[in-house]
>>> print(open('entry09.txt').read())   # compact mmCIF, C-alpha atoms
# COMPACT_ATOMS: atom_id res chain seq x y z
CA MET O 107 -11.49 31.05 -7.63
CA ASN O 108 -8.30 29.55 -8.96
CA SER O 109 -8.96 26.18 -7.33
CA LYS O 110 -12.56 26.22 -8.61
CA TYR O 111 -11.25 26.74 -12.13
CA ARG O 112 -8.82 23.85 -11.63
CA VAL O 113 -11.54 21.54 -10.33
CA VAL O 114 -13.70 22.32 -13.37
CA SER O 115 -10.73 21.85 -15.70
CA ILE O 116 -9.87 18.48 -14.13
CA ILE O 117 -13.49 17.30 -14.35
CA VAL O 118 -13.68 18.33 -18.01
CA ARG O 119 -10.39 16.60 -18.77
CA GLY O 120 -11.57 13.48 -16.95
CA ALA O 121 -14.80 13.45 -18.94
CA LEU O 122 -12.90 13.91 -22.19
CA LEU O 123 -10.58 11.07 -21.26
CA ALA O 124 -13.53 8.81 -20.44
CA CYS O 125 -15.05 9.63 -23.84
CA ALA O 126 -11.74 8.92 -25.54
CA TRP O 127 -11.44 5.56 -23.76
CA GLY O 128 -14.97 4.74 -24.83
CA ALA O 129 -14.14 5.66 -28.42
CA VAL O 130 -11.02 3.47 -28.36
CA ALA O 131 -12.97 0.57 -26.88
CA VAL O 132 -15.61 0.89 -29.57
CA SER O 133 -13.16 1.33 -32.41
CA SER O 134 -10.93 -1.58 -31.40
CA PRO O 135 -13.27 -4.50 -32.28
CA ALA O 136 -14.55 -2.73 -35.36
CA GLY O 137 -11.05 -1.56 -36.24
CA ALA O 138 -10.53 -4.34 -38.74
CA ALA O 139 -10.92 -8.08 -38.63
CA PRO O 140 -7.26 -8.87 -39.49
CA ALA O 141 -6.17 -6.95 -36.40
CA ALA O 142 -7.87 -9.50 -34.16
CA THR O 143 -4.68 -11.46 -33.36
CA ALA O 144 -2.75 -8.30 -32.72
CA ALA O 145 -5.55 -6.97 -30.51
CA ALA O 146 -5.38 -10.18 -28.50
CA ALA O 147 -1.66 -9.69 -28.22
CA THR O 148 -2.03 -6.32 -26.52
CA THR O 149 -4.30 -7.70 -23.83
CA PRO O 150 -1.55 -9.28 -21.68
CA ALA O 151 0.42 -6.05 -21.73
CA THR O 152 -2.57 -4.02 -20.63
CA ALA O 153 -3.38 -6.58 -17.97
CA THR O 154 0.19 -6.47 -16.65
CA ALA O 155 0.07 -2.71 -16.47
CA ALA O 156 -3.28 -2.80 -14.72
CA ALA O 157 -2.12 -5.39 -12.23
CA ALA O 158 1.00 -3.42 -11.39
CA ALA O 159 -0.81 -0.10 -11.33
CA PRO O 160 -1.88 -0.16 -7.66
CA ALA O 161 1.80 -0.32 -6.71
CA ALA O 162 1.55 2.97 -4.77
CA ALA O 163 2.93 6.26 -6.04
CA THR O 164 3.26 7.89 -9.43
CA PRO O 165 6.68 6.46 -10.35
CA ALA O 166 5.37 2.93 -9.87
CA THR O 167 2.39 3.69 -12.08
CA ALA O 168 4.63 5.25 -14.66
CA THR O 169 6.89 2.21 -14.91
CA PRO O 170 4.36 -0.36 -16.15
CA THR O 171 2.95 2.16 -18.59
CA SER O 172 6.30 2.75 -20.18
CA ALA O 173 7.14 -0.93 -19.96
CA ALA O 174 3.84 -2.02 -21.52
CA PRO O 175 4.62 -1.86 -25.26
CA PRO O 176 7.58 -4.31 -25.53
CA PRO O 177 5.71 -7.48 -24.38
CA ALA O 178 2.79 -6.58 -26.60
CA ALA O 179 5.09 -6.03 -29.52
CA ALA O 180 6.95 -9.24 -28.75
CA THR O 181 3.76 -11.29 -28.61
CA ALA O 182 2.49 -9.65 -31.74
CA ALA O 183 5.75 -10.48 -33.46
CA GLY O 184 5.46 -14.03 -32.16
CA THR O 185 2.01 -14.57 -33.59
CA ALA O 186 2.64 -12.92 -36.98
CA PRO O 187 6.39 -12.84 -37.62
CA ALA O 188 6.17 -12.10 -41.32
CA ALA O 189 3.43 -9.47 -41.51
CA ALA O 190 3.88 -6.02 -39.92
CA PRO O 191 0.99 -4.81 -37.76
CA PRO O 192 -1.63 -2.85 -39.70
CA ALA O 193 -1.29 0.93 -39.70
CA ASP O 194 -4.72 1.31 -38.09
CA PHE O 195 -3.61 -0.74 -35.15
CA GLU O 196 -0.38 1.26 -34.73
CA THR O 197 -2.40 4.47 -34.55
CA LEU O 198 -4.71 2.88 -32.02
CA ASP O 199 -1.76 1.78 -29.92
CA GLN O 200 -0.29 5.30 -30.00
CA GLU O 201 -3.68 6.67 -29.02
CA VAL O 202 -3.84 4.29 -26.06
CA GLN O 203 -0.33 5.28 -24.95
CA GLY O 204 -1.29 8.95 -25.20
CA LEU O 205 -4.38 8.33 -23.11
CA LYS O 206 -2.35 6.48 -20.50
CA LYS O 207 -0.03 9.48 -20.25
CA ASP O 208 -3.04 11.77 -19.88
CA VAL O 209 -4.40 9.60 -17.07
CA ILE O 210 -1.07 9.84 -15.22
CA ASP O 211 -0.99 13.63 -15.68
CA LEU O 212 -4.58 13.90 -14.48
CA ASN O 213 -3.79 11.73 -11.47
CA LYS O 214 -0.86 14.03 -10.60
CA ASP O 215 -3.08 17.12 -10.86
CA LEU O 216 -5.74 15.49 -8.69
CA PHE O 217 -3.12 14.64 -6.07
CA VAL O 218 -1.88 18.24 -5.93
CA LEU O 219 -5.44 19.56 -5.84
CA GLU O 220 -6.45 17.14 -3.11
CA GLU O 221 -3.52 18.29 -1.01
CA GLU O 222 -4.43 21.94 -1.59
CA LEU O 223 -8.05 21.32 -0.62
CA LEU O 224 -7.43 19.05 2.37
CA PHE O 225 -4.49 21.00 3.74
CA PRO O 226 -4.87 24.64 2.71
CA ALA O 227 -1.74 26.73 3.19
CA ASN O 228 -3.27 28.86 5.95
CA THR O 229 -3.83 25.87 8.26
CA GLN O 230 -1.21 23.44 6.99
CA VAL O 231 1.38 21.95 9.32
CA ALA O 232 3.99 19.58 7.93
CA LEU O 233 6.49 17.64 10.02
CA TYR O 234 9.66 16.08 8.67
CA VAL O 235 12.17 13.66 10.19
CA SER O 236 15.87 13.69 9.37
CA MET O 237 18.86 11.93 10.83
CA ASP O 238 22.50 12.86 10.83
CA VAL O 239 25.26 10.28 11.46
CA GLY O 240 23.28 8.08 13.88
CA ALA O 241 26.28 6.36 15.45
CA PHE O 242 24.72 6.64 18.90
CA PHE O 243 21.12 5.94 18.04
CA ALA O 244 19.23 3.34 16.01
CA LEU O 245 15.74 4.68 15.34
CA ASP O 246 12.79 2.40 16.04
CA SER O 247 9.75 4.66 16.29
CA VAL O 248 8.56 8.24 16.59
CA THR O 249 5.40 9.34 18.38
CA ILE O 250 4.11 12.85 17.87
CA LYS O 251 1.69 14.72 20.07
CA ILE O 252 0.29 18.12 19.19
CA ASP O 253 -1.48 19.96 21.99
CA ASN O 254 -1.41 16.77 24.05
CA LYS O 255 -3.19 14.73 21.39
CA GLU O 256 -1.36 11.88 19.64
CA VAL O 257 -1.38 12.55 15.92
CA LYS O 258 1.18 10.05 14.67
CA ASN O 259 2.97 6.91 15.73
CA TYR O 260 5.40 5.63 13.14
CA LEU O 261 7.42 2.40 13.28
CA TYR O 262 10.58 2.40 11.17
CA THR O 263 11.79 -0.67 9.35
CA ALA O 264 15.54 -1.23 8.96
CA ARG O 265 15.32 0.00 5.36
CA GLU O 266 13.54 3.21 6.30
CA ALA O 267 16.01 3.97 9.10
CA ASP O 268 18.83 3.28 6.67
CA ALA O 269 17.32 5.67 4.13
CA LEU O 270 17.23 8.40 6.79
CA LEU O 271 20.86 7.74 7.65
CA LYS O 272 21.75 8.13 4.00
CA GLY O 273 20.31 11.66 4.00
CA GLY O 274 16.66 10.98 3.32
CA VAL O 275 14.05 13.32 4.80
CA GLN O 276 10.65 11.83 5.60
CA GLN O 277 7.39 13.71 5.76
CA ILE O 278 5.95 12.05 8.82
CA TYR O 279 2.83 14.16 9.30
CA LEU O 280 0.69 16.57 7.35
CA GLY O 281 -2.28 18.16 9.05
CA ASN O 282 -4.24 21.27 9.83
CA LEU O 283 -3.91 23.61 12.80
CA LYS O 284 -5.62 26.83 13.79
CA VAL O 285 -3.69 30.07 13.94
CA GLY O 286 -2.12 30.57 17.37
CA LYS O 287 0.22 28.93 19.86
CA HIS O 288 0.65 25.16 19.85
CA GLU O 289 2.83 22.64 21.62
CA LEU O 290 4.47 19.75 19.85
CA VAL O 291 6.06 16.84 21.68
CA ALA O 292 8.00 14.15 19.82
CA PHE O 293 9.10 10.90 21.44
CA PHE O 294 11.93 8.98 19.83
CA THR O 295 12.48 5.32 20.74
CA GLY O 296 15.27 3.04 19.63
CA LYS O 297 18.61 1.67 20.66
CA GLY O 298 21.03 4.10 22.25
CA PRO O 299 24.73 3.80 23.06
CA GLN O 300 25.81 0.24 23.99
CA GLU O 301 22.61 -1.18 22.46
CA ARG O 302 20.48 0.03 25.35
CA ASP O 303 16.78 0.76 24.92
CA TYR O 304 16.48 4.48 24.56
CA LYS O 305 13.53 6.83 24.71
CA ARG O 306 13.80 10.60 24.58
CA GLY O 307 11.41 13.43 24.00
CA ALA O 308 11.73 16.85 22.44
CA THR O 309 9.28 19.71 22.83
CA ILE O 310 8.64 22.90 20.97
CA THR O 311 6.04 25.61 21.36
CA PHE O 312 5.39 27.34 18.11
CA ASP O 313 3.22 30.06 16.68
CA LYS O 314 1.05 29.06 13.77
CA GLY O 315 0.66 32.04 11.52
CA VAL O 316 -1.43 32.47 8.38
CA GLY O 317 1.08 30.60 6.21
CA ALA O 318 2.01 26.92 6.17
CA LYS O 319 4.20 25.70 9.03
CA TYR O 320 7.14 23.37 8.50
CA LEU O 321 8.92 21.70 11.40
CA GLU O 322 11.85 19.33 11.22
CA LEU O 323 12.56 16.66 13.83
CA LYS O 324 16.34 16.21 13.74
CA ILE O 325 18.30 13.38 15.24
CA THR O 326 22.02 14.14 15.48
CA ASP O 327 25.02 12.81 17.35
CA ARG O 328 26.55 14.79 20.16
CA VAL O 329 30.08 13.43 19.84
CA ALA O 330 31.46 15.12 22.96
CA LYS O 331 28.93 13.35 25.20
CA HIS O 332 28.65 10.15 23.14
CA GLN O 333 24.91 10.63 23.13
CA PRO O 334 22.28 11.29 20.49
CA GLU O 335 20.57 14.65 20.38
CA PHE O 336 16.95 15.33 19.41
CA LEU O 337 16.01 18.74 18.11
CA ILE O 338 12.93 20.32 16.58
CA LYS O 339 13.71 22.97 14.04
CA ASP O 340 11.12 25.53 13.02
CA TRP O 341 11.41 26.38 9.34
CA GLU O 342 10.27 29.98 9.12
CA MET V 103 -49.93 7.56 -16.12
CA HIS V 104 -47.12 5.96 -18.16
CA ARG V 105 -44.56 7.95 -16.22
CA ALA V 106 -45.95 6.78 -12.89
CA LEU V 107 -45.88 3.18 -14.11
CA LEU V 108 -42.31 3.55 -15.31
CA ALA V 109 -41.25 5.13 -12.02
CA GLY V 110 -42.91 2.27 -10.12
CA CYS V 111 -41.08 -0.31 -12.22
CA LEU V 112 -37.76 1.46 -11.65
CA ILE V 113 -38.31 1.55 -7.88
CA LEU V 114 -39.18 -2.17 -7.88
CA CYS V 115 -36.08 -3.00 -9.92
CA ALA V 116 -33.90 -0.95 -7.58
CA ALA V 117 -35.44 -2.58 -4.51
CA SER V 118 -34.87 -6.07 -5.89
CA ALA V 119 -31.28 -5.21 -6.79
CA VAL V 120 -30.37 -3.96 -3.30
CA PRO V 121 -30.48 -7.32 -1.42
CA SER V 122 -28.33 -9.02 -4.07
CA ILE V 123 -25.70 -6.29 -3.72
CA ALA V 124 -25.83 -6.42 0.07
CA ALA V 125 -25.61 -10.22 0.08
CA ALA V 126 -22.26 -10.29 -1.74
CA PRO V 127 -19.64 -10.68 1.01
CA PRO V 128 -16.75 -8.23 0.81
CA THR V 129 -13.55 -9.82 -0.41
CA LEU V 130 -9.91 -8.84 -0.78
CA LEU V 131 -9.36 -11.09 -3.80
CA GLY V 132 -7.93 -9.14 -6.72
CA LYS V 133 -7.33 -6.08 -4.57
CA GLU V 134 -4.07 -4.64 -3.38
CA ALA V 135 -3.07 -6.04 0.01
CA PRO V 136 -3.41 -3.27 2.63
CA ASP V 137 -0.06 -2.11 3.91
CA PHE V 138 0.89 -2.43 7.56
CA VAL V 139 3.95 -2.25 9.76
CA LEU V 140 4.28 -4.31 12.92
CA LYS V 141 6.88 -5.24 15.46
CA ALA V 142 8.23 -8.76 15.03
CA MET V 143 9.26 -11.23 17.71
CA ASP V 144 12.95 -10.32 17.32
CA GLY V 145 12.24 -6.61 17.89
CA SER V 146 12.53 -5.53 14.25
CA ASN V 147 9.73 -3.70 12.43
CA LEU V 148 8.40 -5.31 9.26
CA ARG V 149 6.40 -3.53 6.61
CA MET V 150 4.19 -5.51 4.26
CA SER V 151 4.89 -3.32 1.21
CA GLU V 152 8.64 -3.92 1.54
CA PHE V 153 8.08 -7.49 0.37
CA ARG V 154 6.74 -6.31 -3.00
CA GLY V 155 8.35 -8.46 -5.69
CA GLN V 156 8.08 -11.61 -3.60
CA VAL V 157 5.18 -13.96 -3.05
CA VAL V 158 3.90 -13.36 0.49
CA LEU V 159 1.81 -15.66 2.64
CA VAL V 160 0.26 -13.84 5.59
CA ASN V 161 -1.19 -15.98 8.34
CA PHE V 162 -3.39 -14.24 10.90
CA TRP V 163 -3.59 -16.39 14.00
CA ALA V 164 -4.72 -16.28 17.60
CA ARG V 165 -3.73 -18.34 20.61
CA TRP V 166 -7.36 -19.17 21.35
CA ALA V 167 -7.99 -20.57 17.84
CA GLY V 168 -7.26 -24.29 17.98
CA ASP V 169 -6.66 -24.54 14.23
CA SER V 170 -3.70 -22.18 14.53
CA ARG V 171 -1.76 -24.87 16.42
CA GLN V 172 -2.16 -27.23 13.47
CA GLU V 173 -1.58 -24.66 10.79
CA MET V 174 1.61 -23.06 12.07
CA PRO V 175 3.80 -26.21 11.82
CA ALA V 176 2.45 -26.78 8.29
CA LEU V 177 3.33 -23.21 7.33
CA ASP V 178 6.77 -23.66 8.86
CA ARG V 179 7.40 -26.64 6.57
CA ILE V 180 6.22 -24.62 3.56
CA ASN V 181 8.50 -21.75 4.58
CA THR V 182 11.62 -23.90 4.90
CA THR V 183 10.96 -25.48 1.49
CA TYR V 184 10.00 -22.40 -0.53
CA GLU V 185 11.89 -19.59 1.21
CA ARG V 186 14.77 -19.86 -1.25
CA ALA V 187 12.36 -19.74 -4.18
CA GLY V 188 11.14 -16.30 -3.16
CA LEU V 189 8.32 -17.03 -0.73
CA VAL V 190 7.91 -14.92 2.40
CA VAL V 191 5.75 -16.27 5.22
CA LEU V 192 4.56 -13.80 7.84
CA GLY V 193 2.62 -14.72 10.95
CA VAL V 194 0.46 -12.02 12.50
CA SER V 195 -0.94 -12.56 15.97
CA VAL V 196 -4.21 -10.77 16.65
CA ASP V 197 -4.18 -11.65 20.34
CA GLU V 198 -4.84 -8.74 22.64
CA ASP V 199 -2.74 -10.35 25.34
CA LEU V 200 0.75 -9.66 24.06
CA VAL V 201 2.60 -11.56 26.81
CA HIS V 202 0.72 -14.81 26.25
CA ALA V 203 0.87 -14.42 22.46
CA ARG V 204 4.65 -14.12 22.67
CA GLU V 205 4.85 -17.21 24.88
CA PHE V 206 2.68 -19.16 22.46
CA ALA V 207 4.70 -18.02 19.44
CA GLY V 208 7.94 -18.97 21.21
CA ALA V 209 6.57 -22.43 22.01
CA MET V 210 5.58 -23.03 18.37
CA LYS V 211 9.23 -22.54 17.31
CA VAL V 212 8.48 -21.51 13.75
CA SER V 213 11.24 -20.24 11.47
CA TYR V 214 9.24 -17.43 9.86
CA PRO V 215 8.75 -13.99 11.43
CA ILE V 216 5.88 -13.58 13.86
CA MET V 217 4.42 -10.12 14.37
CA PHE V 218 2.00 -8.84 16.95
CA ASP V 219 -1.02 -6.69 16.29
CA THR V 220 -2.87 -5.52 19.35
CA GLY V 221 -4.96 -2.94 17.52
CA SER V 222 -7.99 -3.55 15.35
CA ASP V 223 -7.15 -1.55 12.22
CA ILE V 224 -5.28 -4.29 10.37
CA GLY V 225 -7.96 -6.87 11.14
CA ARG V 226 -10.60 -4.51 9.76
CA GLU V 227 -8.61 -3.78 6.61
CA TYR V 228 -8.00 -7.49 5.99
CA LEU V 229 -11.68 -8.31 6.64
CA LEU V 230 -10.80 -10.89 9.29
CA GLN V 231 -13.78 -13.01 10.28
CA LYS V 232 -12.58 -16.27 11.75
CA MET V 233 -9.18 -17.35 13.02
CA PRO V 234 -6.87 -18.47 11.58
CA MET V 235 -6.99 -16.75 8.20
CA THR V 236 -4.37 -17.10 5.50
CA ILE V 237 -3.91 -14.92 2.46
CA LEU V 238 -1.53 -15.19 -0.47
CA VAL V 239 -0.22 -12.03 -2.10
CA ASP V 240 1.46 -12.08 -5.51
CA ARG V 241 4.63 -10.25 -6.55
CA ALA V 242 2.61 -7.17 -7.54
CA GLY V 243 1.09 -6.93 -4.06
CA VAL V 244 -2.36 -8.19 -5.08
CA VAL V 245 -4.32 -10.65 -2.91
CA ARG V 246 -4.77 -13.84 -4.93
CA TYR V 247 -6.01 -16.41 -2.45
CA THR V 248 -7.65 -16.41 0.96
CA ASN V 249 -8.50 -19.24 3.30
CA VAL V 250 -10.53 -18.91 6.47
CA GLY V 251 -9.92 -21.51 9.17
CA PHE V 252 -7.68 -24.52 8.69
CA LYS V 253 -8.29 -28.20 8.21
CA ARG V 254 -6.02 -31.03 7.18
CA GLY V 255 -5.30 -30.88 3.49
CA ASP V 256 -5.49 -27.10 3.25
CA GLU V 257 -1.72 -26.96 3.05
CA ARG V 258 -1.94 -28.77 -0.30
CA ALA V 259 -4.13 -25.98 -1.65
CA TYR V 260 -1.62 -23.46 -0.29
CA LEU V 261 1.21 -25.27 -2.09
CA ASP V 262 -0.67 -25.34 -5.38
CA HIS V 263 -1.29 -21.60 -5.22
CA ILE V 264 2.23 -20.81 -4.02
CA ARG V 265 3.81 -22.77 -6.89
CA GLU V 266 1.55 -21.01 -9.36
CA LEU V 267 2.41 -17.57 -7.99
CA LEU V 268 6.13 -18.32 -7.83
CA ARG V 269 6.07 -19.30 -11.51
CA GLU V 270 4.53 -15.95 -12.56
>>> encode(input="entry09.txt", output="structure tokens")
Amino acid sequence: MNSKYRVVSIIVRGALLACAWGAVAVSSPAGAAPAATAAAATTPATATAAAAAPAAATPATATPTSAAPPPAAATAAGTAPAAAPPADFETLDQEVQGLKKDVIDLNKDLFVLEEELLFPANTQVALYVSMDVGAFFALDSVTIKIDNKEVKNYLYTAREADALLKGGVQQIYLGNLKVGKHELVAFFTGKGPQERDYKRGATITFDKGVGAKYLELKITDRVAKHQPEFLIKDWE
Amino acid sequence: MHRALLAGCLILCAASAVPSIAAAPPTLLGKEAPDFVLKAMDGSNLRMSEFRGQVVLVNFWARWAGDSRQEMPALDRINTTYERAGLVVLGVSVDEDLVHAREFAGAMKVSYPIMFDTGSDIGREYLLQKMPMTILVDRAGVVRYTNVGFKRGDERAYLDHIRELLRE
């Protein structure tokens, strides 16, 4: 019921936003003839934001939006240094910025909703990878099998491995599983002690209950044996 | 009667519009370059999205494509000249035979990283049709130029586009 309400609310907000965009688009040419140069000046800023927008996650989308006004303002100042932009145009610009913020908020809500719908809590399984110290192991890839079926094979770049060493935790897999017993096998490949090729596996049999399941694949150093250690921790 | 006529006209319009839509070949131009991670010749893993902020030239090649032999030395020259200006050249082998692809890549002695793709996902995402295929990606990660095949003189077009993208 709750998710239905949220879907409807998101659709309504999306429709309202579309109407608002339409209204802005219509009002901008008719806004006033003197604003034509200033309107032209905003175009590069909008184009820059649009070009940078596909740059992946929300923070990347947020950056061009917040960075958009200065170039526009600079160009506007360049074309008409003496005259200040008309008040109508300032309002329009604020309206556009407000709409951009709304789009980002809507996008965030959609992302959360999508996750809730695709991976409902009662079937959700999330796997995370973490690394501690890493003096005896340089991570190259992780392969994950659940119930003997390969669900993920991930190659790590030097940057990603470095981020894990610095304390980062990576969500490597998010999926759905039925309630009951399951077996997870993780294979870790990389360079072990003395730069030798190293491949080790770790296995866990876990019970999937009605709630979401979180498992952590941990790579640690066993100093006493000068060997890496691979563990799978079940977060209850 | 009028309604039936109108409906007929609409159906005709729709039917005539369908072939023109279907005829337009799919293109990556103006779209974000699909991300991928592959193992390079030196054993390291390289991820396309980690080169965001630099101009990237991706060259898909295959041992059996004769044009690849001509193109790779030309790309090597471009790489040595423009590497310091912020250009990244990546070679992606689509050969299924990894051993022979490695031998071929070693024999070409190029200075840019060569990666090996033995699956078909990347080829599908990059809409590969004919080998070799070269694409240019701008600093924002958007595909700006594609070239299928290679003939003498194509490297000049590459240079023009690279200079333009480096200036942006």
>>> residues_around(input="entry09.txt", residues="Trp166 of chain V", least_positions_apart="3", cutoff="9 Å", atoms="all atoms listed in the file", output="NGL selection string")
:V and (163 or 169-170 or 197 or 233)
>>> closest_residue(input="entry09.txt", among="O:Phe217, O:Tyr260, O:Tyr234, O:Phe225", to="chain V", atoms="all atoms listed in the file")
O:Tyr260
>>> interface_residues(input="entry09.txt", of="chain V", to="chain O", cutoff="8 Å", atoms="all atoms listed in the file", output="CSV table (one decimal) with C-alpha atoms, in the coordinates of the input")
chain,number,residue,atom,x,y,z
V,134,GLU,CA,-4.1,-4.6,-3.4
V,139,VAL,CA,4.0,-2.2,9.8
V,140,LEU,CA,4.3,-4.3,12.9
V,141,LYS,CA,6.9,-5.2,15.5
V,146,SER,CA,12.5,-5.5,14.2
V,147,ASN,CA,9.7,-3.7,12.4
V,148,LEU,CA,8.4,-5.3,9.3
V,149,ARG,CA,6.4,-3.5,6.6
V,242,ALA,CA,2.6,-7.2,-7.5
V,243,GLY,CA,1.1,-6.9,-4.1
V,244,VAL,CA,-2.4,-8.2,-5.1
>>> residues_near_point(input="entry09.txt", point="(-4.8, 27.4, 8.1)", cutoff="10 Å", atoms="all atoms listed in the file", output="ChimeraX atom specification")
/O:225-231,281-285,314-319
>>> residues_near_point(input="entry09.txt", point="(3.0, -14.1, 4.8)", cutoff="7 Å", atoms="all atoms listed in the file", output="list in words")
Val158, Leu159, Val160, Asn161, Val190, Val191, Leu192 and Gly193 of chain V
>>> write_last_selection(input="entry09.txt", atoms="C-alpha atoms", output="mmCIF file, keeping the file's coordinate frame")
data_model
loop_
_atom_site.group_PDB
_atom_site.id
_atom_site.type_symbol
_atom_site.label_atom_id
_atom_site.label_comp_id
_atom_site.auth_asym_id
_atom_site.auth_seq_id
_atom_site.Cartn_x
_atom_site.Cartn_y
_atom_site.Cartn_z
ATOM 1 C CA VAL V 158 3.900 -13.360 0.490
ATOM 2 C CA LEU V 159 1.810 -15.660 2.640
ATOM 3 C CA VAL V 160 0.260 -13.840 5.590
ATOM 4 C CA ASN V 161 -1.190 -15.980 8.340
ATOM 5 C CA VAL V 190 7.910 -14.920 2.400
ATOM 6 C CA VAL V 191 5.750 -16.270 5.220
ATOM 7 C CA LEU V 192 4.560 -13.800 7.840
ATOM 8 C CA GLY V 193 2.620 -14.720 10.950
#
>>> closest_residue(input="entry09.txt", among="V:Arg171, V:Lys232, V:Arg186, V:Arg246", to="Lys211 of chain V", atoms="all atoms listed in the file")
V:Arg171
>>> closest_residue(input="entry09.txt", among="O:Leu223, O:Val209, O:Val235, O:Leu280", to="Phe293 of chain O", atoms="all atoms listed in the file")
O:Val235
>>> residues_around(input="entry09.txt", residues="Val194 of chain V", least_positions_apart="5", cutoff="12 Å", atoms="only C-alpha atoms", output="PyMOL selection string")
chain V and resi 138-143+148-150+159-165+170+174+200+203-204+207+214-221+224-225+228+230+233-237
>>> atom_distance(input="entry09.txt", atom1="atom CA of Pro299 of chain O", atom2="atom CA of Phe242 of chain O")
5.0 Å
>>> atom_distance(input="entry09.txt", atom1="atom CA of Lys297 of chain O", atom2="atom CA of Asp144 of chain V")
13.7 Å
>>> atom_distance(input="entry09.txt", atom1="atom CA of Phe312 of chain O", atom2="atom CA of Pro334 of chain O")
23.4 Å
>>> axis_aligned_box(input="entry09.txt", around="segment 186-191 of chain V", padding_each_side="5 Å", output="AutoDock Vina command-line options")
--center_x 10.3 --center_y -17.4 --center_z 0.5 --size_x 19.0 --size_y 14.9 --size_z 19.4
>>> closest_residue(input="entry09.txt", among="V:Gly188, V:Val250, V:Arg265, V:Val212", to="Gly155 of chain V", atoms="all atoms listed in the file")
V:Gly188
>>> closest_residue(input="entry09.txt", among="O:Ala232, O:Leu224, O:Leu321, O:Val291", to="Tyr279 of chain O", atoms="all atoms listed in the file")
O:Ala232
>>> closest_residue(input="entry09.txt", among="O:Asp340, O:His332, O:Ile278, O:Thr309", to="Asn259 of chain O", atoms="only C-alpha atoms")
O:Ile278
